$ cat upload_28.txt   # compact mmCIF, C-alpha atoms
# COMPACT_ATOMS: atom_id res chain seq x y z
CA MET A 1 84.65 120.93 28.50
CA THR A 2 82.15 122.01 25.85
CA THR A 3 83.17 125.09 23.87
CA PRO A 4 80.57 127.63 22.67
CA GLU A 5 81.17 126.46 19.07
CA VAL A 6 80.52 122.82 19.96
CA ALA A 7 77.44 123.74 21.97
CA SER A 8 76.16 125.80 19.09
CA GLY A 9 76.68 122.88 16.69
CA MET A 10 74.89 120.46 18.97
CA THR A 11 71.99 122.87 19.29
CA THR A 12 71.75 123.20 15.51
CA ARG A 13 71.78 119.41 14.96
CA LEU A 14 69.14 118.95 17.65
CA ALA A 15 66.97 121.58 16.00
CA VAL A 16 67.30 119.80 12.62
CA ILE A 17 66.39 116.42 14.17
CA LEU A 18 63.35 117.90 15.87
CA LEU A 19 62.29 119.59 12.62
CA MET A 20 62.62 116.32 10.72
CA TRP A 21 60.58 114.53 13.39
CA VAL A 22 57.80 117.10 13.05
CA VAL A 23 57.82 116.85 9.25
CA PHE A 24 57.66 113.05 9.21
CA ALA A 25 55.06 112.99 11.96
CA TYR A 26 52.86 115.27 9.87
CA PHE A 27 53.55 113.53 6.56
CA PRO A 28 53.76 109.79 7.37
CA VAL A 29 55.73 107.58 5.05
CA ASN A 30 53.29 105.57 2.91
CA ALA A 31 52.87 101.99 3.98
CA SER A 32 52.43 99.23 1.42
CA THR A 33 48.91 98.42 2.63
CA LEU A 34 45.98 100.73 3.27
CA ILE A 35 43.20 99.70 5.67
CA VAL A 36 39.89 101.51 5.14
CA GLN A 37 37.33 101.18 7.93
CA SER A 38 33.62 101.78 7.28
CA ASP A 39 33.58 103.95 10.40
CA ALA A 40 35.52 104.44 13.63
CA SER A 41 33.41 102.03 15.70
CA SER A 42 35.05 99.65 18.16
CA THR A 43 33.93 96.64 16.11
CA TYR A 44 35.85 97.66 13.00
CA GLN A 45 38.77 98.78 15.16
CA GLU A 46 38.97 95.32 16.75
CA VAL A 47 39.17 93.69 13.32
CA THR A 48 41.93 96.12 12.36
CA ASN A 49 43.87 95.73 15.61
CA THR A 50 43.85 91.94 15.35
CA LEU A 51 44.92 92.06 11.70
CA ILE A 52 47.87 94.33 12.49
CA LYS A 53 48.86 92.28 15.54
CA GLU A 54 48.84 89.07 13.46
CA SER A 55 50.91 90.68 10.67
CA PRO A 56 54.00 92.08 12.46
CA SER A 57 56.22 92.11 9.36
CA LEU A 58 53.91 94.37 7.34
CA GLN A 59 53.33 98.12 7.36
CA PHE A 60 49.83 99.56 7.43
CA GLU A 61 48.16 102.91 7.03
CA THR A 62 44.62 103.13 8.49
CA LEU A 63 41.92 105.55 7.39
CA SER A 64 38.24 105.85 8.15
CA LEU A 65 35.84 106.13 5.24
CA GLU A 66 35.26 109.81 6.07
CA GLN A 67 38.99 110.50 5.93
CA LEU A 68 39.33 108.72 2.59
CA LYS A 69 36.51 110.75 1.03
CA GLU A 70 38.70 113.86 1.01
CA GLN A 71 40.93 112.60 -1.85
CA PRO A 72 39.83 109.04 -2.64
CA GLU A 73 41.24 108.43 -6.12
CA SER A 74 44.72 109.79 -5.51
CA THR A 75 44.99 108.22 -2.06
CA LEU A 76 43.93 104.76 -3.24
CA ALA A 77 46.33 104.94 -6.19
CA GLU A 78 49.29 105.01 -3.77
CA TYR A 79 48.69 101.50 -2.44
CA PRO A 80 48.98 98.16 -4.27
CA LEU A 81 47.00 96.43 -1.52
CA LEU A 82 43.74 97.74 -0.08
CA ILE A 83 41.95 96.18 2.90
CA THR A 84 38.35 97.28 3.41
CA VAL A 85 36.68 96.61 6.75
CA GLY A 86 32.89 96.48 6.42
CA THR A 87 30.38 96.74 3.58
CA ASN A 88 30.40 100.54 3.17
CA ALA A 89 34.19 100.69 2.89
CA THR A 90 34.19 97.91 0.31
CA ALA A 91 31.49 99.54 -1.82
CA PHE A 92 33.25 102.93 -1.74
CA VAL A 93 36.69 101.58 -2.60
CA LEU A 94 35.29 99.51 -5.47
CA GLU A 95 33.61 102.65 -6.80
CA LYS A 96 36.64 104.93 -6.50
CA ALA A 97 39.68 102.71 -7.13
CA THR A 98 40.97 102.94 -10.70
CA HIS A 99 44.44 101.40 -10.53
CA GLN A 100 45.78 97.87 -10.59
CA SER A 101 45.56 96.60 -7.03
CA THR A 102 44.36 93.79 -4.80
CA ILE A 103 41.33 94.51 -2.62
CA LEU A 104 40.82 92.35 0.45
CA SER A 105 37.29 92.93 1.72
CA THR A 106 36.66 91.75 5.26
CA PHE A 107 33.86 91.74 7.83
CA ILE A 108 31.27 91.74 5.04
CA PRO A 109 28.20 89.48 4.60
CA SER A 110 28.76 86.93 1.85
CA GLN A 111 25.57 87.94 0.02
CA ARG A 112 26.65 91.58 -0.17
CA PHE A 113 30.17 90.61 -1.27
CA GLU A 114 28.79 88.57 -4.15
CA GLN A 115 26.50 91.43 -5.20
CA LEU A 116 29.38 93.91 -5.24
CA ASN A 117 31.65 91.45 -7.02
CA HIS A 118 29.01 91.09 -9.74
CA GLN A 119 28.30 94.84 -9.89
CA TYR A 120 31.96 95.76 -10.42
CA ALA A 121 33.04 92.69 -12.40
CA PHE A 122 33.76 94.67 -15.60
CA LYS A 123 35.69 97.38 -13.75
CA LEU A 124 37.79 94.82 -11.88
CA LEU A 125 38.68 93.16 -15.19
CA LYS A 126 39.34 96.47 -16.98
CA HIS A 127 41.77 97.77 -14.36
CA LYS A 128 43.29 94.35 -13.60
CA MET A 129 42.15 94.52 -10.00
CA ASN A 130 41.87 91.42 -7.79
CA LEU A 131 39.06 91.11 -5.25
CA THR A 132 38.89 88.62 -2.41
CA GLY A 133 37.36 88.62 1.04
CA VAL A 134 36.60 87.20 4.46
CA PHE A 135 32.88 86.87 5.16
CA LEU A 136 31.16 87.95 8.35
CA ASP A 137 28.44 85.29 8.28
CA GLN A 138 28.69 81.51 8.62
CA PRO A 139 28.77 78.86 5.86
CA VAL A 140 25.35 77.26 5.42
CA LYS A 141 26.69 73.76 6.00
CA ARG A 142 28.05 74.76 9.42
CA GLN A 143 24.64 76.14 10.35
CA LEU A 144 22.88 72.96 9.23
CA GLN A 145 25.37 70.85 11.15
CA LEU A 146 24.67 72.94 14.25
CA ALA A 147 20.96 72.29 13.74
CA GLN A 148 21.63 68.53 13.65
CA LEU A 149 23.66 68.72 16.85
CA ILE A 150 20.90 70.69 18.56
CA GLN A 151 18.26 68.20 17.39
CA PRO A 152 19.78 64.83 16.36
CA GLU A 153 16.41 63.54 15.09
CA LEU A 154 16.15 66.49 12.69
CA LYS A 155 14.45 65.58 9.41
CA THR A 156 12.76 68.77 8.18
CA LEU A 157 14.39 72.20 8.44
CA GLY A 158 12.21 75.28 7.98
CA LEU A 159 13.40 78.65 6.67
CA THR A 160 12.39 81.63 4.56
CA LEU A 161 14.42 83.46 1.93
CA GLY A 162 14.05 87.02 0.69
CA PRO A 163 15.03 88.77 -2.57
CA ASN A 164 18.69 88.92 -1.48
CA SER A 165 19.09 85.66 0.41
CA ILE A 166 17.41 83.59 -2.32
CA GLU A 167 20.84 83.47 -3.95
CA ILE A 168 22.11 81.04 -1.30
CA LEU A 169 19.36 78.49 -2.02
CA PRO A 170 21.63 76.28 -4.21
CA LYS A 171 24.18 76.12 -1.36
CA LEU A 172 21.42 75.31 1.13
CA LYS A 173 20.07 72.51 -1.06
CA LEU A 174 23.53 71.03 -1.58
CA ALA A 175 24.35 71.07 2.14
CA ALA A 176 20.94 69.70 3.09
CA ASN A 177 21.28 66.87 0.58
CA GLU A 178 24.73 65.94 1.94
CA LEU A 179 23.37 65.87 5.50
CA GLY A 180 20.11 64.09 4.69
CA ILE A 181 17.90 67.04 5.67
CA GLU A 182 14.69 68.05 3.92
CA LEU A 183 14.22 71.79 3.40
CA ASN A 184 10.80 73.32 4.01
CA TYR A 185 11.11 76.88 2.73
CA GLU A 186 9.27 79.84 1.25
CA ALA A 187 10.69 82.54 -1.00
CA LEU A 188 9.27 85.89 0.18
CA SER A 189 8.91 89.16 -1.68
CA GLN A 190 8.78 92.63 -0.16
CA GLU A 191 5.00 92.65 -0.66
CA ASP A 192 4.44 89.45 1.35
CA ASN A 193 3.28 89.33 4.94
CA PRO A 194 6.16 87.28 6.39
CA ILE A 195 4.27 86.31 9.54
CA GLN A 196 1.49 84.60 7.60
CA ARG A 197 3.98 82.76 5.38
CA ILE A 198 6.22 81.68 8.27
CA GLN A 199 3.53 80.21 10.55
CA PRO A 200 2.82 77.03 8.53
CA ILE A 201 6.54 76.47 7.92
CA ILE A 202 7.32 76.43 11.64
CA LYS A 203 4.41 74.08 12.35
CA GLU A 204 5.53 71.61 9.66
CA SER A 205 9.27 71.68 10.48
CA ASP A 206 11.37 70.12 13.22
CA LEU A 207 13.54 73.24 13.56
CA PHE A 208 13.61 76.73 12.04
CA LEU A 209 16.79 78.39 10.72
CA VAL A 210 16.69 82.18 10.55
CA ILE A 211 18.26 83.57 7.37
CA PRO A 212 18.67 87.37 7.50
CA ASP A 213 17.43 89.43 4.57
CA ARG A 214 17.12 93.19 4.86
CA ASN A 215 14.09 93.23 2.52
CA THR A 216 11.92 90.78 4.46
CA PHE A 217 13.43 90.39 7.93
CA ASN A 218 12.90 93.15 10.52
CA GLN A 219 12.47 93.58 14.27
CA THR A 220 8.77 92.72 14.15
CA THR A 221 9.42 89.52 12.20
CA ALA A 222 12.18 88.58 14.65
CA LYS A 223 9.84 88.92 17.63
CA TRP A 224 7.07 86.91 15.95
CA LEU A 225 9.52 84.14 15.08
CA LEU A 226 10.45 83.81 18.75
CA TYR A 227 6.79 83.77 19.77
CA MET A 228 5.90 81.08 17.22
CA SER A 229 8.95 79.06 18.19
CA TYR A 230 7.85 78.93 21.84
CA ARG A 231 4.21 78.35 20.97
CA ASN A 232 5.00 75.40 18.70
CA ARG A 233 7.98 74.19 20.77
CA LYS A 234 10.27 74.33 17.76
CA PRO A 235 13.94 75.31 18.18
CA LEU A 236 15.12 78.49 16.48
CA ILE A 237 18.70 78.72 15.17
CA ALA A 238 19.75 82.36 14.80
CA PHE A 239 22.61 84.31 13.22
CA SER A 240 23.68 86.66 16.02
CA GLN A 241 24.46 86.70 19.72
CA ASN A 242 21.80 89.34 20.38
CA TYR A 243 19.09 87.18 18.83
CA VAL A 244 20.17 84.24 21.01
CA LYS A 245 20.00 86.49 24.08
CA ALA A 246 16.48 87.48 23.00
CA GLY A 247 15.32 83.85 22.94
CA ALA A 248 16.72 81.84 20.03
CA ILE A 249 18.28 78.49 20.99
CA ALA A 250 21.74 78.88 19.44
CA ALA A 251 23.92 80.48 16.79
CA CYS A 252 27.38 80.19 15.27
CA ILE A 253 29.20 83.52 15.23
CA SER A 254 32.61 84.83 14.24
CA SER A 255 33.79 87.70 16.42
CA PRO A 256 35.69 90.73 15.08
CA GLU A 257 38.85 89.10 16.45
CA ASP A 258 38.04 85.86 14.60
CA ILE A 259 37.57 87.81 11.36
CA GLY A 260 40.79 89.74 11.96
CA ARG A 261 42.75 86.49 12.41
CA MET A 262 41.41 85.06 9.16
CA THR A 263 42.05 88.32 7.33
CA ALA A 264 45.68 88.10 8.44
CA GLN A 265 45.89 84.59 6.98
CA GLN A 266 44.43 85.79 3.67
CA LEU A 267 46.89 88.69 3.70
CA LYS A 268 49.80 86.30 4.23
CA THR A 269 48.74 84.35 1.13
CA ILE A 270 48.43 87.56 -0.89
CA SER A 271 51.90 88.64 0.26
CA SER A 272 53.29 85.41 -1.19
CA GLY A 273 52.00 86.42 -4.62
CA VAL A 274 48.74 84.45 -4.69
CA THR A 275 45.24 85.91 -4.44
CA PRO A 276 43.15 83.39 -2.45
CA PRO A 277 39.43 82.92 -3.09
CA PRO A 278 36.96 84.68 -0.76
CA THR A 279 36.16 82.56 2.26
CA TYR A 280 34.35 82.18 5.56
CA SER A 281 36.31 82.30 8.78
CA PRO A 282 37.30 78.91 10.23
CA PHE A 283 37.44 80.66 13.61
CA PHE A 284 34.06 80.83 15.32
CA SER A 285 32.20 80.24 18.55
CA VAL A 286 28.77 78.92 19.45
CA VAL A 287 26.37 80.80 21.69
CA THR A 288 23.36 79.15 23.32
CA ASN A 289 20.35 80.06 25.44
CA SER A 290 19.75 77.19 27.85
CA ARG A 291 16.76 78.94 29.42
CA ALA A 292 15.04 79.18 26.03
CA ALA A 293 15.84 75.51 25.40
CA ARG A 294 14.25 74.47 28.69
CA GLN A 295 11.10 76.43 27.85
CA ILE A 296 10.50 74.19 24.84
CA HIS A 297 11.64 71.08 26.75
CA LEU A 298 14.85 70.66 24.77
CA ALA A 299 18.13 69.45 26.30
CA ILE A 300 21.16 70.83 24.47
CA PRO A 301 24.95 70.43 24.94
CA THR A 302 27.01 73.34 26.22
CA ALA A 303 28.13 76.00 23.79
CA GLU A 304 31.77 74.88 23.97
CA ARG A 305 30.80 71.23 23.45
CA LEU A 306 28.81 72.20 20.34
CA ARG A 307 31.78 74.17 18.99
CA GLN A 308 34.13 71.24 19.54
CA GLN A 309 31.69 68.88 17.81
CA LEU A 310 31.44 71.22 14.83
CA LEU A 311 35.23 71.45 14.59
CA GLU A 312 35.46 67.65 14.65
CA VAL A 313 32.85 67.35 11.89
CA GLU A 314 34.58 69.95 9.70
CA LYS A 315 37.91 68.08 9.95
CA ARG A 316 36.46 64.94 8.40
$ encode --input "upload_28.txt" --output "structure tokens"
Amino acid sequence: MTTPEVASGMTTRLAVILLMWVVFAYFPVNASTLIVQSDASSTYQEVTNTLIKESPSLQFETLSLEQLKEQPESTLAEYPLLITVGTNATAFVLEKATHQSTILSTFIPSQRFEQLNHQYAFKLLKHKMNLTGVFLDQPVKRQLQLAQLIQPELKTLGLTLGPNSIEILPKLKLAANELGIELNYEALSQEDNPIQRIQPIIKESDLFLVIPDRNTFNQTTAKWLLYMSYRNRKPLIAFSQNYVKAGAIAACISSPEDIGRMTAQQLKTISSGVTPPPTYSPFFSVVTNSRAARQIHLAIPTAERLRQQLLEVEKR
């Protein structure tokens, strides 16, 4: 039988437990790793969810960029490891972080990562901060190998580069030389008419590889590329699933889940005390447009067969 004194004590303890639960729910215990998302979109959330799922032994705190902007410096200073999802989150954290930490930037184009790495090189050195990343785009050699699989007789590969993408030209030349491909390219400026410069390149190439550049590549250019590809019966290798749906022949892509998996692998290396170099994701898929291929009288393997062939080539 419960006496009034015992009942009173139990009620008091229950009240204390509930109060503690409310306090800790409102003021969460800091995790060792902070994830900063560029925004609350489902794409960034999928990267984050996969990363957390693949790292069950680690604790995470997740904030959107808007949430972080309230007290950025003091918040960032609480965490030795910062994971930024997307370009905007990476740029903001690099600007605001002032303490010794490791920043793992993920779901970011390689060109933009390199620009930010160069821009904040002195600050990173001054504050003893480490920066590494997982790129959103595909390595150029993988894209050239896809082009060869699409068109085995490929000799001349056409492409254009803008003010930002011109930085990958050395990598393109190296990969093309290793694969025995001749590059037929033009370096465009913002003042150029890209359509006029692209037309002769497509005519004189066996296949055209689309390299995105925000200064010279826009929706109008994308549509004209598709038109010229069909008109000249030249395959177009793209960089996104949407562009393939619009009429390009194929593309290699890494999904948010693919990027999340690779980010978890990088995080595991960091947790062991080693900061790995920035890298592309080894996890990817191939998307194709068989209807577009038929329109230019080109027979191509299935998307899964192309992916398997690329994996076999990369293992050699």
$ closest_atom_pairs --input "upload_28.txt" --of "range 96-184 of chain A" --to "range 257-276 of chain A" --cutoff "8 Å" --atoms "all atoms listed in the file" --output "CSV"
residue,atom,partner,partner_atom,distance
A:Thr102,CA,A:Thr275,CA,7.9
A:Leu104,CA,A:Leu267,CA,7.8
A:Thr106,CA,A:Thr263,CA,6.7
A:Phe107,CA,A:Ile259,CA,6.5
A:Asn130,CA,A:Thr275,CA,7.3
A:Thr132,CA,A:Pro276,CA,6.7
A:Gly133,CA,A:Thr263,CA,7.9
A:Val134,CA,A:Thr263,CA,6.3
A:Phe135,CA,A:Ile259,CA,7.8
A:Leu136,CA,A:Ile259,CA,7.1
$ closest_residue --input "upload_28.txt" --among "A:Pro277, A:Pro256, A:Gly180, A:Gly158" --to "Leu225 in chain A" --atoms "all atoms listed in the file"
A:Gly158
$ residues_around --input "upload_28.txt" --residues "Val287 in chain A" --least-positions-apart "2" --cutoff "9 Å" --atoms "only C-alpha atoms" --output "count of residues only"
15
$ closest_residue --input "upload_28.txt" --among "A:Leu51, A:Ile150, A:Met228, A:Ala187" --to "Asn164 in chain A" --atoms "all atoms listed in the file"
A:Ala187
$ residues_around --input "upload_28.txt" --residues "Ser110 in chain A" --least-positions-apart "4" --cutoff "12 Å" --atoms "all atoms listed in the file" --output "VMD selection string"
chain A and resid 86 to 87 105 to 106 114 to 117 132 to 140 164 to 165 167 to 168 212 to 213 278 to 281
$ write_last_selection --input "upload_28.txt" --atoms "C-alpha atoms" --output "short mmCIF file (atom, residue, chain, number, x, y, z; two decimals), keeping the file's coordinate frame"
data_model
loop_
_atom_site.label_atom_id
_atom_site.label_comp_id
_atom_site.auth_asym_id
_atom_site.auth_seq_id
_atom_site.Cartn_x
_atom_site.Cartn_y
_atom_site.Cartn_z
CA GLY A 86 32.89 96.48 6.42
CA THR A 87 30.38 96.74 3.58
CA SER A 105 37.29 92.93 1.72
CA THR A 106 36.66 91.75 5.26
CA GLU A 114 28.79 88.57 -4.15
CA GLN A 115 26.50 91.43 -5.20
CA LEU A 116 29.38 93.91 -5.24
CA ASN A 117 31.65 91.45 -7.02
CA THR A 132 38.89 88.62 -2.41
CA GLY A 133 37.36 88.62 1.04
CA VAL A 134 36.60 87.20 4.46
CA PHE A 135 32.88 86.87 5.16
CA LEU A 136 31.16 87.95 8.35
CA ASP A 137 28.44 85.29 8.28
CA GLN A 138 28.69 81.51 8.62
CA PRO A 139 28.77 78.86 5.86
CA VAL A 140 25.35 77.26 5.42
CA ASN A 164 18.69 88.92 -1.48
CA SER A 165 19.09 85.66 0.41
CA GLU A 167 20.84 83.47 -3.95
CA ILE A 168 22.11 81.04 -1.30
CA PRO A 212 18.67 87.37 7.50
CA ASP A 213 17.43 89.43 4.57
CA PRO A 278 36.96 84.68 -0.76
CA THR A 279 36.16 82.56 2.26
CA TYR A 280 34.35 82.18 5.56
CA SER A 281 36.31 82.30 8.78
#
$ closest_atom_pairs --input "upload_28.txt" --of "range 95-195 of chain A" --to "range 200-207 of chain A" --cutoff "8 Å" --atoms "all atoms listed in the file" --output "Markdown table"
| residue | atom | partner | partner_atom | distance |
| --- | --- | --- | --- | --- |
| A:Ala147 | CA | A:Leu207 | CA | 7.5 |
| A:Gln151 | CA | A:Leu207 | CA | 7.9 |
| A:Leu154 | CA | A:Asp206 | CA | 6.0 |
| A:Lys155 | CA | A:Asp206 | CA | 6.7 |
| A:Thr156 | CA | A:Ser205 | CA | 5.1 |
| A:Leu157 | CA | A:Leu207 | CA | 5.3 |
| A:Gly158 | CA | A:Ser205 | CA | 5.3 |
| A:Leu159 | CA | A:Ile201 | CA | 7.3 |
| A:Asn184 | CA | A:Ile201 | CA | 6.6 |
| A:Tyr185 | CA | A:Ile201 | CA | 6.9 |
| A:Glu186 | CA | A:Ile201 | CA | 8.0 |
$ atom_distance --input "upload_28.txt" --atom1 "CA of Ala293 in chain A" --atom2 "CA of Ile195 in chain A"
22.4 Å
$ closest_residue --input "upload_28.txt" --among "A:Ser32, A:Asn193, A:Gln309, A:Ser64" --to "Arg142 in chain A" --atoms "all atoms listed in the file"
A:Gln309
$ closest_residue --input "upload_28.txt" --among "A:Ile237, A:Ala121, A:Ala176, A:Ile211" --to "Pro163 in chain A" --atoms "only C-alpha atoms"
A:Ile211
$ closest_residue --input "upload_28.txt" --among "A:Ile300, A:Leu310, A:Ile198, A:Val286" --to "Thr221 in chain A" --atoms "all atoms listed in the file"
A:Ile198
$ residues_around --input "upload_28.txt" --residues "Asp39 in chain A" --least-positions-apart "4" --cutoff "10 Å" --atoms "only C-alpha atoms" --output "list in words"
Thr43, Tyr44, Gln45, Leu63, Ser64, Leu65, Glu66, Gln67, Val85, Gly86, Asn88 and Ala89 of chain A
$ axis_aligned_box --input "upload_28.txt" --around "range 281-289 of chain A" --padding-each-side "5 Å" --output "AutoDock Vina command-line options"
--center_x 28.9 --center_y 80.6 --center_z 17.1 --size_x 27.1 --size_y 13.4 --size_z 26.7
$ atom_distance --input "upload_28.txt" --atom1 "CA of Arg233 in chain A" --atom2 "CA of Asn177 in chain A"
25.3 Å
$ atom_distance --input "upload_28.txt" --atom1 "CA of Ala97 in chain A" --atom2 "CA of Thr75 in chain A"
9.2 Å
$ build_atoms --input "upload_28.txt" --residues "range 233-255 of chain A" --atoms "N, CA and C atoms" --output "short mmCIF file (atom, residue, chain, number, x, y, z; two decimals), in the coordinates of the input"
data_model
loop_
_atom_site.label_atom_id
_atom_site.label_comp_id
_atom_site.auth_asym_id
_atom_site.auth_seq_id
_atom_site.Cartn_x
_atom_site.Cartn_y
_atom_site.Cartn_z
N ARG A 233 6.86 74.97 20.20
CA ARG A 233 7.98 74.19 20.77
C ARG A 233 8.94 73.70 19.69
N LYS A 234 9.31 74.63 18.83
CA LYS A 234 10.27 74.33 17.76
C LYS A 234 11.52 75.17 17.96
N PRO A 235 12.69 74.55 17.98
CA PRO A 235 13.94 75.31 18.18
C PRO A 235 14.18 76.32 17.06
N LEU A 236 14.78 77.43 17.43
CA LEU A 236 15.12 78.49 16.48
C LEU A 236 16.63 78.67 16.48
N ILE A 237 17.26 78.47 15.33
CA ILE A 237 18.70 78.72 15.17
C ILE A 237 18.86 80.10 14.56
N ALA A 238 19.63 80.97 15.23
CA ALA A 238 19.75 82.36 14.80
C ALA A 238 21.11 82.63 14.15
N PHE A 239 21.37 83.91 13.90
CA PHE A 239 22.61 84.31 13.22
C PHE A 239 23.43 85.31 14.02
N SER A 240 22.95 85.67 15.23
CA SER A 240 23.68 86.66 16.02
C SER A 240 23.54 86.37 17.50
N GLN A 241 24.49 86.88 18.27
CA GLN A 241 24.46 86.70 19.72
C GLN A 241 23.27 87.42 20.35
N ASN A 242 22.93 88.59 19.83
CA ASN A 242 21.80 89.34 20.38
C ASN A 242 20.49 88.59 20.21
N TYR A 243 20.32 87.92 19.07
CA TYR A 243 19.09 87.18 18.83
C TYR A 243 19.01 85.97 19.77
N VAL A 244 20.15 85.36 20.05
CA VAL A 244 20.17 84.24 21.01
C VAL A 244 19.82 84.76 22.40
N LYS A 245 20.35 85.90 22.78
CA LYS A 245 20.00 86.49 24.08
C LYS A 245 18.51 86.78 24.16
N ALA A 246 17.90 87.14 23.02
CA ALA A 246 16.48 87.48 23.00
C ALA A 246 15.59 86.25 23.09
N GLY A 247 16.15 85.05 22.80
CA GLY A 247 15.32 83.85 22.94
C GLY A 247 15.54 82.73 21.94
N ALA A 248 16.39 82.95 20.93
CA ALA A 248 16.72 81.84 20.03
C ALA A 248 17.56 80.81 20.79
N ILE A 249 17.60 79.58 20.28
CA ILE A 249 18.28 78.49 20.99
C ILE A 249 19.81 78.61 20.86
N ALA A 250 20.29 78.88 19.65
CA ALA A 250 21.74 78.88 19.44
C ALA A 250 22.10 79.60 18.15
N ALA A 251 23.39 79.90 18.02
CA ALA A 251 23.92 80.48 16.79
C ALA A 251 25.42 80.26 16.73
N CYS A 252 25.93 80.16 15.52
CA CYS A 252 27.38 80.19 15.27
C CYS A 252 27.73 81.64 14.94
N ILE A 253 28.78 82.15 15.53
CA ILE A 253 29.20 83.52 15.23
C ILE A 253 30.72 83.59 15.12
N SER A 254 31.18 84.52 14.30
CA SER A 254 32.61 84.83 14.24
C SER A 254 32.78 86.24 14.76
N SER A 255 33.58 86.41 15.79
CA SER A 255 33.79 87.70 16.42
C SER A 255 34.69 88.57 15.54
#
